[in-house]
$ cat data_39.cif   # mmCIF, C-alpha atoms and all ligand atoms; chains and numbers go by the auth columns
data_start
loop_
_atom_site.group_PDB
_atom_site.id
_atom_site.type_symbol
_atom_site.label_atom_id
_atom_site.label_comp_id
_atom_site.label_asym_id
_atom_site.label_seq_id
_atom_site.Cartn_x
_atom_site.Cartn_y
_atom_site.Cartn_z
_atom_site.B_iso_or_equiv
_atom_site.auth_seq_id
_atom_site.auth_asym_id
ATOM 1 C CA MET A 1 53.190 27.996 136.470 0.00 1 T
ATOM 2 C CA GLN A 2 51.190 28.998 133.507 0.00 2 T
ATOM 3 C CA GLY A 3 47.824 30.566 133.969 0.00 3 T
ATOM 4 C CA ARG A 4 44.844 28.883 132.522 0.00 4 T
ATOM 5 C CA ALA A 5 43.027 30.602 129.778 0.00 5 T
ATOM 6 C CA SER A 6 39.520 31.708 130.526 0.00 6 T
ATOM 7 C CA PRO A 7 36.824 29.103 130.043 0.00 7 T
ATOM 8 C CA VAL A 8 36.506 27.890 126.533 0.00 8 T
ATOM 9 C CA LYS A 9 33.563 29.644 125.032 0.00 9 T
ATOM 10 C CA SER A 10 30.149 28.300 125.353 0.00 10 T
ATOM 11 C CA VAL A 11 31.137 25.154 123.568 0.00 11 T
ATOM 12 C CA MET A 12 32.800 23.657 126.539 0.00 12 T
ATOM 13 C CA HIS A 13 30.812 20.734 126.629 0.00 13 T
ATOM 14 C CA ARG A 14 28.968 18.235 128.433 0.00 14 T
ATOM 15 C CA LEU A 15 30.735 14.928 128.746 0.00 15 T
ATOM 16 C CA VAL A 16 27.750 12.701 128.757 0.00 16 T
ATOM 17 C CA ALA A 17 27.665 9.010 129.351 0.00 17 T
ATOM 18 C CA ALA A 18 27.086 6.949 126.230 0.00 18 T
ATOM 19 C CA PRO A 19 23.685 8.266 125.305 0.00 19 T
ATOM 20 C CA VAL A 20 21.688 6.950 122.433 0.00 20 T
ATOM 21 C CA LEU A 21 19.296 9.017 120.411 0.00 21 T
ATOM 22 C CA ALA A 22 15.892 7.431 120.148 0.00 22 T
ATOM 23 C CA LEU A 23 13.052 8.277 117.930 0.00 23 T
ATOM 24 C CA PRO A 24 10.587 10.832 118.917 0.00 24 T
ATOM 25 C CA ARG A 25 45.427 26.948 113.610 0.00 25 T
ATOM 26 C CA GLY A 26 46.603 24.340 113.769 0.00 26 T
ATOM 27 C CA ARG A 27 49.070 22.100 112.376 0.00 27 T
ATOM 28 C CA CYS A 28 48.761 18.448 112.896 0.00 28 T
ATOM 29 C CA ARG A 29 51.197 15.740 113.182 0.00 29 T
ATOM 30 C CA VAL A 30 49.726 14.055 110.252 0.00 30 T
ATOM 31 C CA GLY A 31 50.618 11.055 108.611 0.00 31 T
ATOM 32 C CA SER A 32 49.232 9.037 110.989 0.00 32 T
ATOM 33 C CA ARG A 33 49.146 5.515 110.910 0.00 33 T
ATOM 34 C CA ARG A 34 46.132 3.498 111.851 0.00 34 T
ATOM 35 C CA GLY A 35 46.515 0.781 114.405 0.00 35 T
ATOM 36 C CA VAL A 36 45.962 -2.871 113.814 0.00 36 T
ATOM 37 C CA ASN A 37 42.388 -2.608 114.982 0.00 37 T
ATOM 38 C CA GLY A 38 41.641 0.197 112.584 0.00 38 T
ATOM 39 C CA GLU A 39 41.727 2.901 115.220 0.00 39 T
ATOM 40 C CA SER A 40 44.057 5.784 115.088 0.00 40 T
ATOM 41 C CA PRO A 41 46.855 5.620 117.577 0.00 41 T
ATOM 42 C CA ARG A 42 46.304 7.578 120.722 0.00 42 T
ATOM 43 C CA ALA A 43 47.664 10.983 120.450 0.00 43 T
ATOM 44 C CA SER A 44 49.716 12.257 123.249 0.00 44 T
ATOM 45 C CA VAL A 45 48.253 15.623 123.578 0.00 45 T
ATOM 46 C CA ALA A 46 49.650 18.387 125.522 0.00 46 T
ATOM 47 C CA HIS A 47 48.221 20.162 128.032 0.00 47 T
ATOM 48 C CA GLY A 48 47.489 22.595 130.534 0.00 48 T
ATOM 49 C CA ILE A 49 46.565 25.540 128.502 0.00 49 T
ATOM 50 C CA VAL A 50 43.517 25.473 126.359 0.00 50 T
ATOM 51 C CA THR A 51 44.394 27.294 123.225 0.00 51 T
ATOM 52 C CA CYS A 52 41.095 28.334 121.808 0.00 52 T
ATOM 53 C CA GLN A 53 41.034 31.778 123.218 0.00 53 T
ATOM 54 C CA ASN A 54 43.658 33.201 120.926 0.00 54 T
ATOM 55 C CA GLY A 55 42.906 35.004 117.738 0.00 55 T
ATOM 56 C CA ASP A 56 44.485 32.454 115.520 0.00 56 T
ATOM 57 C CA MET A 57 41.576 30.129 115.098 0.00 57 T
ATOM 58 C CA GLU A 58 40.773 28.346 111.889 0.00 58 T
ATOM 59 C CA HIS A 59 37.219 27.434 112.812 0.00 59 T
ATOM 60 C CA GLY A 60 34.190 29.221 114.211 0.00 60 T
ATOM 61 C CA PHE A 61 32.134 28.106 117.211 0.00 61 T
ATOM 62 C CA PRO A 62 28.997 30.236 117.295 0.00 62 T
ATOM 63 C CA ALA A 63 26.428 27.508 117.905 0.00 63 T
ATOM 64 C CA GLY A 64 26.580 26.844 121.633 0.00 64 T
ATOM 65 C CA SER A 65 26.994 23.156 120.913 0.00 65 T
ATOM 66 C CA PRO A 66 29.947 21.180 119.546 0.00 66 T
ATOM 67 C CA ALA A 67 27.615 19.025 117.443 0.00 67 T
ATOM 68 C CA LEU A 68 25.971 22.056 115.809 0.00 68 T
ATOM 69 C CA ASP A 69 29.348 23.709 115.280 0.00 69 T
ATOM 70 C CA PHE A 70 30.577 20.485 113.717 0.00 70 T
ATOM 71 C CA ALA A 71 27.573 20.387 111.367 0.00 71 T
ATOM 72 C CA GLY A 72 28.493 23.953 110.430 0.00 72 T
ATOM 73 C CA THR A 73 31.932 23.030 109.169 0.00 73 T
ATOM 74 C CA LEU A 74 30.357 22.767 105.740 0.00 74 T
ATOM 75 C CA ARG A 75 29.233 26.330 105.192 0.00 75 T
ATOM 76 C CA VAL A 76 26.822 27.891 102.734 0.00 76 T
ATOM 77 C CA ARG A 77 25.288 24.504 102.070 0.00 77 T
ATOM 78 C CA ARG A 78 22.512 25.743 99.822 0.00 78 T
ATOM 79 C CA GLY A 79 24.771 27.906 97.698 0.00 79 T
ATOM 80 C CA PRO A 80 26.433 26.789 94.493 0.00 80 T
ATOM 81 C CA ASN A 81 29.798 26.635 96.221 0.00 81 T
ATOM 82 C CA PRO A 82 29.577 25.246 99.746 0.00 82 T
ATOM 83 C CA ARG A 83 32.664 26.019 101.770 0.00 83 T
ATOM 84 C CA GLU A 84 34.339 23.003 103.309 0.00 84 T
ATOM 85 C CA MET A 85 36.201 23.751 106.523 0.00 85 T
ATOM 86 C CA LEU A 86 37.280 20.155 107.122 0.00 86 T
ATOM 87 C CA HIS A 87 39.409 20.119 104.016 0.00 87 T
ATOM 88 C CA SER A 88 42.298 18.111 105.413 0.00 88 T
ATOM 89 C CA PRO A 89 43.206 15.868 108.345 0.00 89 T
ATOM 90 C CA GLU A 90 45.009 18.861 109.818 0.00 90 T
ATOM 91 C CA SER A 91 41.861 20.968 109.716 0.00 91 T
ATOM 92 C CA LEU A 92 39.965 18.198 111.523 0.00 92 T
ATOM 93 C CA SER A 93 42.645 18.073 114.200 0.00 93 T
ATOM 94 C CA SER A 94 42.447 21.846 114.547 0.00 94 T
ATOM 95 C CA TRP A 95 38.702 21.647 114.964 0.00 95 T
ATOM 96 C CA PHE A 96 38.952 19.212 117.877 0.00 96 T
ATOM 97 C CA ARG A 97 41.591 21.343 119.557 0.00 97 T
ATOM 98 C CA GLU A 98 39.899 24.682 118.991 0.00 98 T
ATOM 99 C CA CYS A 99 36.597 23.253 120.187 0.00 99 T
ATOM 100 C CA GLY A 100 38.330 22.183 123.374 0.00 100 T
ATOM 101 C CA ILE A 101 37.664 18.466 122.976 0.00 101 T
ATOM 102 C CA THR A 102 41.403 17.851 122.933 0.00 102 T
ATOM 103 C CA ASP A 103 44.114 20.022 124.363 0.00 103 T
ATOM 104 C CA GLY A 104 46.494 19.504 121.484 0.00 104 T
ATOM 105 C CA ASP A 105 46.633 18.180 117.975 0.00 105 T
ATOM 106 C CA LEU A 106 45.454 14.691 117.187 0.00 106 T
ATOM 107 C CA ALA A 107 47.212 12.419 114.790 0.00 107 T
ATOM 108 C CA CYS A 108 44.596 12.028 112.120 0.00 108 T
ATOM 109 C CA GLY A 109 44.660 10.741 108.595 0.00 109 T
ATOM 110 C CA PRO A 110 42.453 10.677 105.504 0.00 110 T
ATOM 111 C CA ALA A 111 40.338 7.774 106.767 0.00 111 T
ATOM 112 C CA ASP A 112 39.635 9.699 109.969 0.00 112 T
ATOM 113 C CA LEU A 113 38.570 12.686 107.917 0.00 113 T
ATOM 114 C CA ARG A 114 36.165 10.583 105.857 0.00 114 T
ATOM 115 C CA GLU A 115 34.628 9.144 109.014 0.00 115 T
ATOM 116 C CA ALA A 116 34.322 12.596 110.538 0.00 116 T
ATOM 117 C CA VAL A 117 32.603 14.035 107.475 0.00 117 T
ATOM 118 C CA GLU A 118 30.218 11.077 107.378 0.00 118 T
ATOM 119 C CA LEU A 119 29.278 11.728 111.004 0.00 119 T
ATOM 120 C CA ARG A 120 28.936 15.441 110.363 0.00 120 T
ATOM 121 C CA GLU A 121 26.510 14.889 107.518 0.00 121 T
ATOM 122 C CA ALA A 122 24.476 12.474 109.618 0.00 122 T
ATOM 123 C CA ILE A 123 24.272 15.040 112.421 0.00 123 T
ATOM 124 C CA TYR A 124 23.218 17.710 109.948 0.00 124 T
ATOM 125 C CA ARG A 125 20.406 15.535 108.583 0.00 125 T
ATOM 126 C CA LEU A 126 19.153 14.754 112.077 0.00 126 T
ATOM 127 C CA VAL A 127 19.133 18.432 113.049 0.00 127 T
ATOM 128 C CA VAL A 128 17.220 19.331 109.887 0.00 128 T
ATOM 129 C CA ALA A 129 14.684 16.606 110.623 0.00 129 T
ATOM 130 C CA ARG A 130 14.290 17.729 114.247 0.00 130 T
ATOM 131 C CA ILE A 131 13.731 21.360 113.302 0.00 131 T
ATOM 132 C CA ASP A 132 11.336 20.456 110.509 0.00 132 T
ATOM 133 C CA GLY A 133 9.453 17.956 112.662 0.00 133 T
ATOM 134 C CA ASP A 134 10.264 15.095 110.308 0.00 134 T
ATOM 135 C CA ALA A 135 11.225 11.549 111.169 0.00 135 T
ATOM 136 C CA TYR A 136 14.917 10.839 111.489 0.00 136 T
ATOM 137 C CA GLU A 137 16.590 9.018 108.621 0.00 137 T
ATOM 138 C CA ARG A 138 17.447 5.510 109.820 0.00 138 T
ATOM 139 C CA GLU A 139 20.943 5.599 108.361 0.00 139 T
ATOM 140 C CA ALA A 140 21.839 8.930 109.955 0.00 140 T
ATOM 141 C CA LEU A 141 20.365 7.869 113.265 0.00 141 T
ATOM 142 C CA GLY A 142 22.324 4.625 113.272 0.00 142 T
ATOM 143 C CA LEU A 143 25.539 6.390 112.413 0.00 143 T
ATOM 144 C CA VAL A 144 25.270 8.982 115.161 0.00 144 T
ATOM 145 C CA ASN A 145 24.217 6.431 117.747 0.00 145 T
ATOM 146 C CA ALA A 146 27.073 4.119 116.789 0.00 146 T
ATOM 147 C CA ALA A 147 29.544 6.956 117.227 0.00 147 T
ATOM 148 C CA ALA A 148 27.993 7.914 120.569 0.00 148 T
ATOM 149 C CA ARG A 149 28.321 4.355 121.873 0.00 149 T
ATOM 150 C CA ARG A 150 32.094 4.446 121.495 0.00 150 T
ATOM 151 C CA PRO A 151 34.252 5.590 124.412 0.00 151 T
ATOM 152 C CA ALA A 152 34.650 9.330 124.710 0.00 152 T
ATOM 153 C CA PRO A 153 37.767 11.251 125.735 0.00 153 T
ATOM 154 C CA VAL A 154 38.372 11.394 129.453 0.00 154 T
ATOM 155 C CA PRO A 155 39.959 14.593 130.777 0.00 155 T
ATOM 156 C CA GLN A 156 42.566 14.090 133.450 0.00 156 T
ATOM 157 C CA LEU A 157 43.856 16.632 135.923 0.00 157 T
ATOM 158 C CA THR A 158 47.610 17.042 136.047 0.00 158 T
ATOM 159 C CA ASP A 159 49.917 19.458 137.803 0.00 159 T
ATOM 160 C CA ALA A 160 50.174 21.332 134.528 0.00 160 T
ATOM 161 C CA GLY A 161 46.436 21.515 133.981 0.00 161 T
ATOM 162 C CA ARG A 162 44.063 19.389 131.955 0.00 162 T
ATOM 163 C CA SER A 163 45.304 16.500 129.887 0.00 163 T
ATOM 164 C CA VAL A 164 43.259 14.499 127.432 0.00 164 T
ATOM 165 C CA GLU A 165 44.356 11.364 125.652 0.00 165 T
ATOM 166 C CA ALA A 166 42.102 10.728 122.725 0.00 166 T
ATOM 167 C CA THR A 167 41.795 8.996 119.425 0.00 167 T
ATOM 168 C CA VAL A 168 39.864 10.584 116.601 0.00 168 T
ATOM 169 C CA ARG A 169 37.017 8.130 117.202 0.00 169 T
ATOM 170 C CA GLN A 170 36.857 9.150 120.826 0.00 170 T
ATOM 171 C CA ALA A 171 36.749 12.796 119.840 0.00 171 T
ATOM 172 C CA LEU A 172 33.973 12.007 117.374 0.00 172 T
ATOM 173 C CA SER A 173 32.130 10.173 120.117 0.00 173 T
ATOM 174 C CA HIS A 174 32.152 13.388 122.126 0.00 174 T
ATOM 175 C CA VAL A 175 30.563 15.212 119.188 0.00 175 T
ATOM 176 C CA ALA A 176 27.978 12.467 118.619 0.00 176 T
ATOM 177 C CA ARG A 177 27.046 12.447 122.318 0.00 177 T
ATOM 178 C CA ASP A 178 26.505 16.159 122.173 0.00 178 T
ATOM 179 C CA ALA A 179 24.221 15.665 119.162 0.00 179 T
ATOM 180 C CA VAL A 180 22.209 13.162 121.179 0.00 180 T
ATOM 181 C CA ALA A 181 22.013 15.569 124.112 0.00 181 T
ATOM 182 C CA VAL A 182 20.991 18.544 121.993 0.00 182 T
ATOM 183 C CA LEU A 183 18.412 16.725 119.889 0.00 183 T
ATOM 184 C CA SER A 184 16.788 15.020 122.848 0.00 184 T
ATOM 185 C CA GLY A 185 17.122 17.827 125.368 0.00 185 T
ATOM 186 C CA PRO A 186 15.060 20.742 126.587 0.00 186 T
ATOM 187 C CA GLU A 187 16.655 23.226 124.211 0.00 187 T
ATOM 188 C CA VAL A 188 15.181 21.732 121.041 0.00 188 T
ATOM 189 C CA PRO A 189 12.707 24.658 120.783 0.00 189 T
ATOM 190 C CA LEU A 190 15.717 26.982 120.745 0.00 190 T
ATOM 191 C CA LEU A 191 17.323 25.348 117.704 0.00 191 T
ATOM 192 C CA LYS A 192 17.553 27.805 114.849 0.00 192 T
ATOM 193 C CA GLU A 193 19.219 28.295 111.512 0.00 193 T
ATOM 194 C CA CYS A 194 20.969 31.584 110.831 0.00 194 T
ATOM 195 C CA ALA A 195 18.687 34.189 109.241 0.00 195 T
ATOM 196 C CA ASN A 196 21.353 35.057 106.705 0.00 196 T
ATOM 197 C CA PRO A 197 20.059 33.148 103.672 0.00 197 T
ATOM 198 C CA ASP A 198 23.627 32.596 102.538 0.00 198 T
ATOM 199 C CA CYS A 199 24.492 30.908 105.804 0.00 199 T
ATOM 200 C CA THR A 200 23.305 27.493 106.909 0.00 200 T
ATOM 201 C CA GLN A 201 24.677 27.451 110.450 0.00 201 T
ATOM 202 C CA PHE A 202 22.475 26.019 113.177 0.00 202 T
ATOM 203 C CA TYR A 203 22.695 27.338 116.708 0.00 203 T
ATOM 204 C CA ILE A 204 20.950 27.252 120.058 0.00 204 T
ATOM 205 C CA ASP A 205 19.299 30.587 120.747 0.00 205 T
ATOM 206 C CA ARG A 206 19.903 31.171 124.433 0.00 206 T
ATOM 207 C CA SER A 207 19.436 34.908 124.154 0.00 207 T
ATOM 208 C CA ARG A 208 16.938 36.710 126.350 0.00 208 T
ATOM 209 C CA GLY A 209 13.545 36.277 124.767 0.00 209 T
ATOM 210 C CA ALA A 210 15.084 33.960 122.144 0.00 210 T
ATOM 211 C CA ARG A 211 15.364 36.821 119.693 0.00 211 T
ATOM 212 C CA ARG A 212 18.743 36.000 118.218 0.00 212 T
ATOM 213 C CA GLU A 213 18.531 35.899 114.456 0.00 213 T
ATOM 214 C CA TRP A 214 21.973 35.013 113.215 0.00 214 T
ATOM 215 C CA CYS A 215 24.895 32.826 114.101 0.00 215 T
ATOM 216 C CA LYS A 216 27.365 35.717 114.348 0.00 216 T
ATOM 217 C CA MET A 217 27.113 39.454 114.025 0.00 217 T
ATOM 218 C CA ASP A 218 30.068 39.475 111.670 0.00 218 T
ATOM 219 C CA PRO A 219 29.383 38.757 108.913 0.00 219 T
ATOM 220 C CA CYS A 220 25.822 37.455 109.108 0.00 220 T
ATOM 221 C CA GLY A 221 24.149 40.024 111.371 0.00 221 T
ATOM 222 C CA ASN A 222 25.848 42.917 109.632 0.00 222 T
ATOM 223 C CA LYS A 223 24.825 41.575 106.250 0.00 223 T
ATOM 224 C CA ILE A 224 21.170 41.266 107.247 0.00 224 T
ATOM 225 C CA LYS A 225 21.154 44.704 108.859 0.00 225 T
ATOM 226 C CA ALA A 226 22.772 46.283 105.801 0.00 226 T
ATOM 227 C CA ALA A 227 20.223 44.624 103.526 0.00 227 T
ATOM 228 C CA ALA A 228 17.368 45.858 105.723 0.00 228 T
ATOM 229 C CA TYR A 229 18.815 49.357 105.689 0.00 229 T
ATOM 230 C CA ARG A 230 19.070 49.357 101.885 0.00 230 T
ATOM 231 C CA ALA A 231 15.494 48.098 101.626 0.00 231 T
ATOM 232 C CA ARG A 232 14.253 50.917 103.874 0.00 232 T
ATOM 233 C CA LYS A 233 16.178 53.461 101.818 0.00 233 T
ATOM 234 C CA ARG A 234 14.696 52.152 98.590 0.00 234 T
ATOM 235 C CA ALA A 235 11.190 52.198 100.056 0.00 235 T
ATOM 236 C CA SER A 236 11.700 55.735 101.345 0.00 236 T
ATOM 237 C CA ALA A 237 13.029 56.954 97.985 0.00 237 T
ATOM 238 C CA LYS A 238 10.120 55.325 96.188 0.00 238 T
ATOM 239 C CA ALA A 239 7.608 56.944 98.534 0.00 239 T
ATOM 240 C CA THR A 240 9.239 60.353 98.058 0.00 240 T
ATOM 241 C CA ALA A 241 9.237 60.004 94.281 0.00 241 T
ATOM 242 C CA SER A 242 5.629 58.919 94.335 0.00 242 T
ATOM 243 C CA THR A 243 4.584 61.897 96.463 0.00 243 T
ATOM 244 C CA GLY A 244 6.586 64.297 94.332 0.00 244 T
ATOM 245 C CA SER A 245 4.992 63.142 91.074 0.00 245 T
ATOM 246 C CA ARG A 246 1.482 63.976 92.186 0.00 246 T
ATOM 247 C CA PRO A 247 -0.059 66.897 90.391 0.00 247 T
HETATM 248 ZN ZN ZN B . 25.243 32.874 109.888 0.00 301 T
#

$ encode --input "data_39.cif" --output "structure tokens"
Amino acid sequence: MQGRASPVKSVMHRLVAAPVLALPRGRCRVGSRRGVNGESPRASVAHGIVTCQNGDMEHGFPAGSPALDFAGTLRVRRGPNPREMLHSPESLSSWFRECGITDGDLACGPADLREAVELREAIYRLVVARIDGDAYEREALGLVNAAARRPAPVPQLTDAGRSVEATVRQALSHVARDAVAVLSGPEVPLLKECANPDCTQFYIDRSRGARREWCKMDPCGNKIKAAAYRARKRASAKATASTGSRP
């Protein structure tokens, strides 16, 4: 019998029941065919061992929330060249698996990817509004709530471990429900954006004293620390030169 990997990061998620937000490395078996009702066929995902603990991950999960991690799959948003991590149906499938929402690859296609990106952008806009204290955009709110109303994946226990049958829409429902939970929950005051100005990742700061400044030490924390060090060196050199030039 195979041993189970250690618990899947902090992103191992709450499976919440159809909430609604109110105001105030993967390789994928792509090619997937959509069913007659427009849904992707159920993927038979395999099991037992959650694979996100290995070092072969395509995506990062620093946020402490699947919804915030999902919003972060478009990186460096304010830069001239944002970096898209959901660049293919395969990368979307990898994200679900590495996040732990599914145990294996999902069969997803281009239409699934478009729907996922649409949901991601809606989540991002809602998080921005929540942090800034602004009203939610109606369109984004409706989109996230519609996704959250759909059935979510249901984990099943088998002799081999956990098994999850899921469509892409079900996996997206899981993400949308997490967005609802995060944006309406007690950790709203802990929502932060990474202090690295080149990074636009949101996260929940659960550190002692809520003093976390960046999404990850490498590269963001190291970059900020290096910049601070250079600034101190420049200030010190300037002070020395100034003192030395006095008559
Ligand atoms: Zn960062």

$ resolve_selection --input "data_39.cif" --expression "the PyMOL selection byres (((not hetatm)) within 7 of (chain T and resi 301))" --output "list in words"
Cys194, Ala195, Asn196, Cys199, Thr200, Gln201, Trp214, Cys215, Lys216 and Cys220 of chain T

$ atom_distance --input "data_39.cif" --atom1 "atom CA of Ala179 of chain T" --atom2 "atom CA of Ala67 of chain T"
5.1 Å

$ residues_around --input "data_39.cif" --residues "Tyr136 of chain T" --least-positions-apart "2" --cutoff "9 Å" --atoms "only C-alpha atoms" --output "NGL selection string"
:T and (23-24 or 125-130 or 134 or 138-141)

$ residues_near_point --input "data_39.cif" --point "(45.5, 12.1, 128.1)" --cutoff "6 Å" --atoms "all atoms listed in the file" --output "PDB file with C-alpha atoms, keeping the file's coordinate frame"
ATOM      1  CA  SER T 163      45.304  16.500 129.887  1.00  0.00           C
ATOM      2  CA  VAL T 164      43.259  14.499 127.432  1.00  0.00           C
ATOM      3  CA  GLU T 165      44.356  11.364 125.652  1.00  0.00           C
TER       4      GLU T 165
END

$ closest_residue --input "data_39.cif" --among "T:Glu58, T:Glu187, T:Asp218, T:Asp103" --to "Tyr203 of chain T" --atoms "all atoms listed in the file"
T:Glu187

$ closest_residue --input "data_39.cif" --among "T:Arg149, T:Lys225, T:Arg206, T:His59" --to "Arg97 of chain T" --atoms "all atoms listed in the file"
T:His59

$ closest_residue --input "data_39.cif" --among "T:Leu191, T:Met217, T:Lys238, T:Gly79" --to "Gly133 of chain T" --atoms "all atoms listed in the file"
T:Leu191

$ resolve_selection --input "data_39.cif" --expression "the PyMOL selection byres (((chain T and resi 120) around 9) and not hetatm)" --output "list in words"
Ala67, Phe70, Ala71, Gly72, Thr73, Leu74, Glu115, Ala116, Val117, Glu118, Leu119, Glu121, Ala122, Ile123, Tyr124, Arg125, Val144, Val175 and Ala176 of chain T

$ atom_distance --input "data_39.cif" --atom1 "atom CA of Met85 of chain T" --atom2 "atom CA of Cys99 of chain T"
13.7 Å

$ atom_distance --input "data_39.cif" --atom1 "atom CA of Lys223 of chain T" --atom2 "atom CA of Phe61 of chain T"
18.8 Å

$ closest_residue --input "data_39.cif" --among "T:Ala107, T:Ser184, T:Asp198, T:Ile101" --to "Val154 of chain T" --atoms "all atoms listed in the file"
T:Ile101

$ residues_around --input "data_39.cif" --residues "Ala148 of chain T" --least-positions-apart "3" --cutoff "6 Å" --atoms "all atoms listed in the file" --output "ChimeraX atom specification"
/T:18,145,173,176-177
